[in-house]
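All remarks here apply to the structure that follows.
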Amino acid sequence: MAFYGAAKRVCVFISRNRSYSSSSSENVNLIKQLRERTSAPIKDVKAALVDSNWDIDAAQKELRKRGKVLASKKSSRIASEGLLALAQTPAKVALIELNCETDFVARNDIFRHLALCLAKQALSLDSSSSSAFHVGPQSLDYTTLNLEHPKISGETTVQNAITEVAAMMGENVRLRRGYVLPTSSNGFISTYLHTSPQPGLGRIAGILSLEVDDGKTQVEALQRVGSELAMHVVAAKPLFLTKELVPSDALENEREILKSQAESSGKSQMAVEKMVEGRLRKYFEDVVFMDQKFIMNDTMNVKAVLDNLSKEVGSSVRVVNFLRMEVGEGIAGQETDDASETVAQVA
């Protein structure tokens, strides 16, 4: 009888152990499923499942509620990482900057999907403007966005989509700024994205709008040189299109600095003036797009490149405007107001 009793207790123990093992395995599977659905941290996933009595749908709703509260609390934190996203049609191009706190989140496919959707949304904005215009968060916040990602899909407002992604990522996510550049009937837009993880995304962007007198001229040559000039914008960081567009106060300030430096040499006033004029020419070569040495061939400047292109296509080619944007520029350790941020140039 003693042997029988001991054997019975062993069988009960084994049965209970198997039941526990099965339950534990199911719980692990639920954690894995919810983690795949939401991309939330494992600790938060498990806590939500426990609080929801291991009901995965209820836990998902609970995670969304918690995430939105946390996203709201994190909205004041500095977000200087992120991506630029670009969307384009033959008529115009849109570029937006979506920020987050770390490069890790910027590499997440949900974050990237949102950035590309926001660029397409900016592109869809109606505007009668024939020149480049700024797109701030307020322009998009309450527009309807259609997301098509396995982990976040359906129609929602831009503001809600950003909050949702911030909740999933556990970081401050914000749409910082954007621009839309239309083109004329005889115009071409060329773009270049530097450090591009996939088409339409990058950390630095150069956009160039060209106009040609004969719109039906050699398109291939225009696209080739346009792409090279867009790359030049990224590499050379021009601030102004032409000398005439350099603000007088900026020019006077630069002249005063150069004069002070030249006078410290102890040379005559005539020599000082010559030194100032020579250094001003160098200043223009550094910041004026048309005067900069072409990065593909530094024996000529950009103006010469356009002159050669005009000869090649048999029609006058002009740069209408250009834009350079870089992720995080101007933030410098603190959030700044969008209206005060300066893009390199939209002429």
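All residue names refer to the structure tokens as shown: chains lettered A, B, ... in order, residues numbered from 1 in each chain, ligands numbered from 1 in order.
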
Close residues, A:Val288 itself excluded, 9 Å, only C-alpha atoms, min 5 positions apart in chain, as a CSV table (one decimal) with N, CA and C atoms, in the first residue's frame:
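Final output, saved to part.csv:
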chain,number,residue,atom,x,y,z
A,238,PRO,N,25.9,74.7,-50.2
A,238,PRO,CA,25.7,76.1,-50.5
A,238,PRO,C,24.6,76.8,-49.7
A,239,LEU,N,24.7,78.1,-49.5
A,239,LEU,CA,23.7,78.8,-48.7
A,239,LEU,C,22.9,79.7,-49.6
A,240,PHE,N,23.4,80.1,-50.7
A,240,PHE,CA,22.7,81.1,-51.6
A,240,PHE,C,22.9,80.6,-53.0
A,241,LEU,N,21.9,81.0,-53.9
A,241,LEU,CA,21.9,80.6,-55.3
A,241,LEU,C,22.9,81.4,-56.1
A,242,THR,N,22.8,82.8,-55.9
A,242,THR,CA,23.7,83.7,-56.6
A,242,THR,C,24.2,84.7,-55.6
A,243,LYS,N,25.2,85.5,-56.0
A,243,LYS,CA,25.8,86.6,-55.2
A,243,LYS,C,24.7,87.6,-54.8
A,245,LEU,N,21.7,87.2,-54.2
A,245,LEU,CA,20.8,86.7,-53.1
A,245,LEU,C,21.4,86.7,-51.7
A,246,VAL,N,22.7,87.0,-51.6
A,246,VAL,CA,23.4,87.1,-50.3
A,246,VAL,C,22.8,88.3,-49.6
A,283,TYR,N,34.9,83.7,-50.1
A,283,TYR,CA,33.7,83.5,-49.3
A,283,TYR,C,32.5,83.2,-50.3

Closest atom pairs, residues of stretch 97-196 of chain A within 12 Å of stretch 217-226 of chain A, only C-alpha atoms, as a Markdown table:
| residue | atom | partner | partner_atom | distance |
| --- | --- | --- | --- | --- |
| A:Asn186 | CA | A:Thr217 | CA | 9.6 |
| A:Gly187 | CA | A:Leu222 | CA | 9.9 |
| A:Phe188 | CA | A:Gln223 | CA | 7.7 |
| A:Ile189 | CA | A:Gly226 | CA | 7.6 |
| A:Ser190 | CA | A:Gly226 | CA | 5.3 |
| A:Thr191 | CA | A:Gly226 | CA | 7.9 |
| A:Tyr192 | CA | A:Gly226 | CA | 9.5 |

For the selection you just gave me, I'd like the residues written to a file as a tab-separated table (two decimals), in the first residue's frame, keeping C-alpha atoms.
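Saved the output as selection-v5.tsv:
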chain	number	residue	atom	x	y	z
A	186	ASN	CA	9.60	73.40	-68.79
A	187	GLY	CA	11.23	72.31	-65.56
A	188	PHE	CA	12.94	69.24	-64.12
A	189	ILE	CA	13.49	68.30	-60.48
A	190	SER	CA	16.56	66.29	-59.50
A	191	THR	CA	17.08	64.73	-56.08
A	192	TYR	CA	19.84	63.00	-54.14

Using only C-alpha atoms, which residues of stretch 217-320 of chain A come within 12 Å of stretch 325-332 of chain A, and what is the closest atom pair for each, with the distance in Å to one decimal? Give it as a Markdown table, sorted by chain and residue number.
| residue | atom | partner | partner_atom | distance |
| --- | --- | --- | --- | --- |
| A:Ala230 | CA | A:Met325 | CA | 11.6 |
| A:Val233 | CA | A:Met325 | CA | 9.7 |
| A:Val234 | CA | A:Met325 | CA | 8.2 |
| A:Ala235 | CA | A:Glu326 | CA | 11.3 |
| A:Lys237 | CA | A:Met325 | CA | 9.5 |
| A:Pro238 | CA | A:Met325 | CA | 11.2 |
| A:Leu239 | CA | A:Met325 | CA | 11.3 |

*asked:* From the options A:Val173, A:Val319, A:Ile207, A:Ala91, which residue's atoms come nearest to A:Leu193, counting only C-alpha atoms?
replied: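 For A:Leu193, the nearest of the given residues is A:Ile207.
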
_Report, in Å with one decimal, the straight-line distance from atom CA of A:Lys32 to atom CA of A:Thr156._
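Taking atom CA of A:Lys32 as the start and atom CA of A:Thr156 as the end point, the length is 26.5 Å.
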
_Please report the interatomic distance between atom CA of A:Gly178 and atom CA of A:Ala122 in Å with one decimal._
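A separation of 7.6 Å between them.
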
_Can you tell me, as a ChimeraX atom specification, which residues in stretch 66-206 of chain A count as strand (DSSP E) by DSSP?_
/A:81-88,92-100,133-134,144-149,152-157,174-182,187-194,201-202,204-206

Selection to disk with C-alpha atoms, as a compact mmCIF listing (two decimals), in the first residue's frame:
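Full text of out15.txt as output:
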# COMPACT_ATOMS: atom_id res chain seq x y z
CA GLU A 81 17.88 61.58 -34.77
CA GLY A 82 15.57 60.28 -37.49
CA LEU A 83 15.21 60.29 -41.26
CA LEU A 84 14.33 62.46 -44.21
CA ALA A 85 11.66 60.99 -46.50
CA LEU A 86 11.09 62.02 -50.09
CA ALA A 87 8.11 61.55 -52.42
CA GLN A 88 8.02 62.74 -56.01
CA LYS A 92 6.60 68.30 -57.69
CA VAL A 93 8.64 66.78 -54.89
CA ALA A 94 7.99 66.67 -51.14
CA LEU A 95 10.60 66.23 -48.41
CA ILE A 96 9.86 65.78 -44.70
CA GLU A 97 11.96 65.28 -41.57
CA LEU A 98 10.71 62.78 -38.99
CA ASN A 99 12.67 62.80 -35.75
CA CYS A 100 13.21 60.30 -32.95
CA PHE A 133 6.61 76.21 -49.72
CA HIS A 134 7.10 75.09 -46.14
CA THR A 144 -6.12 61.41 -42.96
CA LEU A 145 -3.24 59.00 -43.40
CA ASN A 146 -3.56 55.46 -44.74
CA LEU A 147 -0.97 53.15 -43.18
CA GLU A 148 -0.25 49.76 -44.75
CA HIS A 149 2.20 48.04 -42.43
CA ILE A 152 0.18 49.37 -37.91
CA SER A 153 -2.43 49.74 -40.62
CA GLY A 154 -5.67 51.48 -41.49
CA GLU A 155 -6.85 55.07 -41.74
CA THR A 156 -6.02 57.54 -38.99
CA THR A 157 -4.92 61.14 -38.61
CA ARG A 174 7.87 64.15 -34.07
CA LEU A 175 7.31 65.53 -37.52
CA ARG A 176 9.66 68.49 -37.51
CA ARG A 177 9.33 70.13 -40.93
CA GLY A 178 8.82 69.62 -44.61
CA TYR A 179 9.00 71.36 -47.99
CA VAL A 180 7.23 70.95 -51.29
CA LEU A 181 8.95 72.10 -54.48
CA PRO A 182 6.78 72.34 -57.60
CA GLY A 187 11.23 72.31 -65.56
CA PHE A 188 12.94 69.24 -64.12
CA ILE A 189 13.49 68.30 -60.48
CA SER A 190 16.56 66.29 -59.50
CA THR A 191 17.08 64.73 -56.08
CA TYR A 192 19.84 63.00 -54.14
CA LEU A 193 19.60 61.25 -50.76
CA HIS A 194 22.80 60.62 -48.82
CA LEU A 201 14.87 57.72 -47.24
CA GLY A 202 18.15 59.31 -46.15
CA ILE A 204 20.87 64.36 -45.98
CA ALA A 205 18.93 65.48 -49.05
CA GLY A 206 19.72 67.69 -52.00

*Looking at A:Ser315, A:Ser80, A:Ser184, A:Asn321, which one is nearest to A:Val105, with distances taken over only C-alpha atoms?*
A:Ser80

_Residue among A:Lys61, A:Arg107, A:Arg35, A:Lys120 lying closest to A:Thr89, counting only C-alpha atoms_ =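 Ranked by minimum distance to A:Thr89, first place goes to A:Lys120.
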
_For A:Val50: contacts at 12 Å, only C-alpha atoms, fewer than 2 positions along chain excluded, given as a ChimeraX atom specification_ = /A:27-28,30-31,43-48,52-56,58-60,62-63

*asked:* Quick one: residues within 9 Å of A:Val302, only C-alpha atoms, excluding same-chain residues fewer than 3 positions away - as a ChimeraX atom specification?
replied: /A:229,289-295,305-307

Can you write just those residues out, all heavy atoms, as a compact mmCIF listing (two decimals), in the first residue's frame?
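And here's part38.txt as it stands now:
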# COMPACT_ATOMS: atom_id res chain seq x y z
N LEU A 229 24.34 67.71 -59.80
CA LEU A 229 24.23 68.99 -59.08
C LEU A 229 23.49 68.83 -57.75
O LEU A 229 23.80 69.51 -56.77
CB LEU A 229 23.54 70.03 -59.96
CG LEU A 229 24.37 70.54 -61.14
CD1 LEU A 229 23.53 71.45 -62.03
CD2 LEU A 229 25.63 71.28 -60.67
N PHE A 289 26.12 78.99 -54.58
CA PHE A 289 26.01 77.79 -55.42
C PHE A 289 26.66 77.98 -56.79
O PHE A 289 27.48 77.16 -57.22
CB PHE A 289 24.53 77.43 -55.57
CG PHE A 289 24.27 76.21 -56.40
CD1 PHE A 289 24.69 74.96 -55.97
CD2 PHE A 289 23.60 76.30 -57.61
CE1 PHE A 289 24.45 73.82 -56.72
CE2 PHE A 289 23.35 75.17 -58.37
CZ PHE A 289 23.77 73.92 -57.92
N MET A 290 26.31 79.07 -57.49
CA MET A 290 26.81 79.27 -58.85
C MET A 290 28.31 79.49 -58.90
O MET A 290 28.95 79.24 -59.92
CB MET A 290 26.09 80.46 -59.49
CG MET A 290 24.59 80.27 -59.64
SD MET A 290 24.15 78.88 -60.70
CE MET A 290 24.53 79.55 -62.30
N ASP A 291 28.91 79.95 -57.79
CA ASP A 291 30.35 80.24 -57.74
C ASP A 291 31.19 79.09 -57.19
O ASP A 291 32.41 79.13 -57.26
CB ASP A 291 30.61 81.49 -56.89
CG ASP A 291 30.15 82.76 -57.58
OD1 ASP A 291 29.37 82.66 -58.55
OD2 ASP A 291 30.56 83.86 -57.17
N GLN A 292 30.52 78.09 -56.63
CA GLN A 292 31.26 76.97 -56.02
C GLN A 292 31.95 76.11 -57.08
O GLN A 292 31.45 75.94 -58.18
CB GLN A 292 30.31 76.09 -55.20
CG GLN A 292 29.85 76.70 -53.90
CD GLN A 292 28.93 75.77 -53.13
OE1 GLN A 292 28.16 75.01 -53.70
NE2 GLN A 292 29.01 75.84 -51.81
N LYS A 293 33.11 75.57 -56.71
CA LYS A 293 33.79 74.62 -57.59
C LYS A 293 32.97 73.32 -57.61
O LYS A 293 32.55 72.83 -56.57
CB LYS A 293 35.21 74.35 -57.09
CG LYS A 293 36.14 75.55 -57.22
CD LYS A 293 37.57 75.19 -56.88
CE LYS A 293 38.48 76.41 -56.96
NZ LYS A 293 38.51 76.99 -58.33
N PHE A 294 32.76 72.81 -58.79
CA PHE A 294 31.93 71.62 -58.99
C PHE A 294 32.63 70.40 -58.38
O PHE A 294 33.80 70.14 -58.66
CB PHE A 294 31.70 71.41 -60.48
CG PHE A 294 30.76 70.30 -60.83
CD1 PHE A 294 29.61 70.08 -60.09
CD2 PHE A 294 31.03 69.47 -61.91
CE1 PHE A 294 28.74 69.05 -60.42
CE2 PHE A 294 30.17 68.44 -62.25
CZ PHE A 294 29.01 68.23 -61.51
N ILE A 295 31.92 69.66 -57.53
CA ILE A 295 32.56 68.55 -56.81
C ILE A 295 33.03 67.43 -57.73
O ILE A 295 33.94 66.69 -57.39
CB ILE A 295 31.62 67.97 -55.72
CG1 ILE A 295 30.33 67.43 -56.35
CG2 ILE A 295 31.33 68.99 -54.64
CD1 ILE A 295 29.53 66.53 -55.44
N VAL A 305 29.40 74.60 -65.46
CA VAL A 305 28.71 73.32 -65.70
C VAL A 305 27.38 73.57 -66.40
O VAL A 305 27.03 72.88 -67.38
CB VAL A 305 28.48 72.56 -64.37
CG1 VAL A 305 27.60 71.33 -64.60
CG2 VAL A 305 29.80 72.15 -63.75
N LEU A 306 26.65 74.58 -65.93
CA LEU A 306 25.35 74.90 -66.55
C LEU A 306 25.53 75.46 -67.96
O LEU A 306 24.72 75.17 -68.85
CB LEU A 306 24.59 75.89 -65.67
CG LEU A 306 24.04 75.31 -64.36
CD1 LEU A 306 23.54 76.41 -63.45
CD2 LEU A 306 22.93 74.32 -64.64
N ASP A 307 26.58 76.26 -68.17
CA ASP A 307 26.86 76.79 -69.51
C ASP A 307 27.15 75.64 -70.48
O ASP A 307 26.64 75.62 -71.61
CB ASP A 307 28.06 77.74 -69.47
CG ASP A 307 27.72 79.06 -68.77
OD1 ASP A 307 26.52 79.36 -68.64
OD2 ASP A 307 28.66 79.77 -68.36

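Minimum atom-to-atom distance to A:Asn108, evaluated using only C-alpha atoms, belongs to A:Val165 out of A:Val320, A:Ala271, A:Ala250, A:Val165.
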
Mind the document's chain letters and residue numbers, and return as a short mmCIF file (atom, residue, chain, number, x, y, z; two decimals) with N, CA and C atoms, in the first residue's frame the residues of stretch 81-170 of chain A that DSSP labels alpha helix (DSSP H).
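Result file is states15.cif:
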data_model
loop_
_atom_site.label_atom_id
_atom_site.label_comp_id
_atom_site.auth_asym_id
_atom_site.auth_seq_id
_atom_site.Cartn_x
_atom_site.Cartn_y
_atom_site.Cartn_z
N ASP A 103 19.25 56.48 -33.08
CA ASP A 103 19.44 55.89 -34.39
C ASP A 103 18.81 54.50 -34.46
N PHE A 104 18.72 53.84 -33.33
CA PHE A 104 18.11 52.50 -33.26
C PHE A 104 16.67 52.54 -33.77
N VAL A 105 15.89 53.52 -33.31
CA VAL A 105 14.49 53.66 -33.75
C VAL A 105 14.43 54.08 -35.22
N ALA A 106 15.38 54.92 -35.64
CA ALA A 106 15.40 55.36 -37.04
C ALA A 106 15.59 54.19 -38.00
N ASP A 109 11.58 49.43 -39.12
CA ASP A 109 10.80 49.48 -40.36
C ASP A 109 9.45 50.17 -40.18
N ILE A 110 8.89 50.17 -38.97
CA ILE A 110 7.63 50.89 -38.71
C ILE A 110 7.87 52.40 -38.80
N PHE A 111 8.96 52.86 -38.20
CA PHE A 111 9.33 54.28 -38.25
C PHE A 111 9.56 54.70 -39.70
N ARG A 112 10.26 53.86 -40.46
CA ARG A 112 10.55 54.17 -41.86
C ARG A 112 9.27 54.22 -42.69
N HIS A 113 8.36 53.29 -42.42
CA HIS A 113 7.09 53.27 -43.13
C HIS A 113 6.32 54.56 -42.87
N LEU A 114 6.29 54.99 -41.62
CA LEU A 114 5.59 56.23 -41.27
C LEU A 114 6.21 57.42 -41.99
N ALA A 115 7.54 57.49 -42.02
CA ALA A 115 8.22 58.61 -42.68
C ALA A 115 7.84 58.70 -44.16
N LEU A 116 7.84 57.56 -44.85
CA LEU A 116 7.49 57.54 -46.27
C LEU A 116 6.02 57.93 -46.48
N CYS A 117 5.14 57.48 -45.60
CA CYS A 117 3.72 57.84 -45.69
C CYS A 117 3.53 59.34 -45.49
N LEU A 118 4.29 59.93 -44.58
CA LEU A 118 4.19 61.37 -44.33
C LEU A 118 4.67 62.19 -45.53
N ALA A 119 5.72 61.70 -46.20
CA ALA A 119 6.21 62.39 -47.40
C ALA A 119 5.15 62.36 -48.50
N LYS A 120 4.49 61.22 -48.67
CA LYS A 120 3.41 61.12 -49.66
C LYS A 120 2.24 62.02 -49.30
N GLN A 121 1.99 62.13 -48.00
CA GLN A 121 0.89 62.98 -47.54
C GLN A 121 1.21 64.45 -47.83
N ALA A 122 2.44 64.85 -47.60
CA ALA A 122 2.85 66.23 -47.91
C ALA A 122 2.74 66.51 -49.40
N LEU A 123 3.07 65.51 -50.20
CA LEU A 123 3.00 65.65 -51.65
C LEU A 123 1.56 65.87 -52.12
N PRO A 137 4.17 70.82 -39.14
CA PRO A 137 3.31 69.77 -38.57
C PRO A 137 1.84 70.16 -38.60
N GLN A 138 1.55 71.46 -38.37
CA GLN A 138 0.17 71.92 -38.34
C GLN A 138 -0.53 71.75 -39.68
N SER A 139 0.24 71.67 -40.75
CA SER A 139 -0.35 71.49 -42.09
C SER A 139 -0.86 70.07 -42.30
N LEU A 140 -0.32 69.12 -41.52
CA LEU A 140 -0.64 67.71 -41.74
C LEU A 140 -1.35 67.03 -40.58
N VAL A 158 -2.72 62.01 -39.07
CA VAL A 158 -1.26 62.06 -38.97
C VAL A 158 -0.84 62.16 -37.51
N GLN A 159 -1.52 63.00 -36.75
CA GLN A 159 -1.17 63.17 -35.33
C GLN A 159 -1.30 61.86 -34.57
N ASN A 160 -2.38 61.12 -34.81
CA ASN A 160 -2.58 59.85 -34.11
C ASN A 160 -1.55 58.81 -34.55
N ALA A 161 -1.22 58.81 -35.83
CA ALA A 161 -0.22 57.85 -36.33
C ALA A 161 1.13 58.08 -35.67
N ILE A 162 1.53 59.34 -35.54
CA ILE A 162 2.81 59.67 -34.90
C ILE A 162 2.79 59.26 -33.43
N THR A 163 1.67 59.53 -32.75
CA THR A 163 1.54 59.14 -31.34
C THR A 163 1.60 57.63 -31.17
N GLU A 164 0.95 56.92 -32.09
CA GLU A 164 0.94 55.45 -32.05
C GLU A 164 2.35 54.89 -32.21
N VAL A 165 3.09 55.42 -33.18
CA VAL A 165 4.45 54.93 -33.42
C VAL A 165 5.36 55.30 -32.24
N ALA A 166 5.17 56.49 -31.69
CA ALA A 166 5.95 56.88 -30.51
C ALA A 166 5.69 55.92 -29.35
N ALA A 167 4.43 55.51 -29.19
CA ALA A 167 4.08 54.57 -28.13
C ALA A 167 4.74 53.22 -28.36
N MET A 168 4.76 52.78 -29.63
CA MET A 168 5.36 51.49 -29.95
C MET A 168 6.87 51.51 -29.79
N MET A 169 7.49 52.64 -30.15
CA MET A 169 8.95 52.75 -30.11
C MET A 169 9.47 53.09 -28.71
#

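Atom CA of A:Arg324 sits 26.2 Å away from atom CA of A:Thr143.
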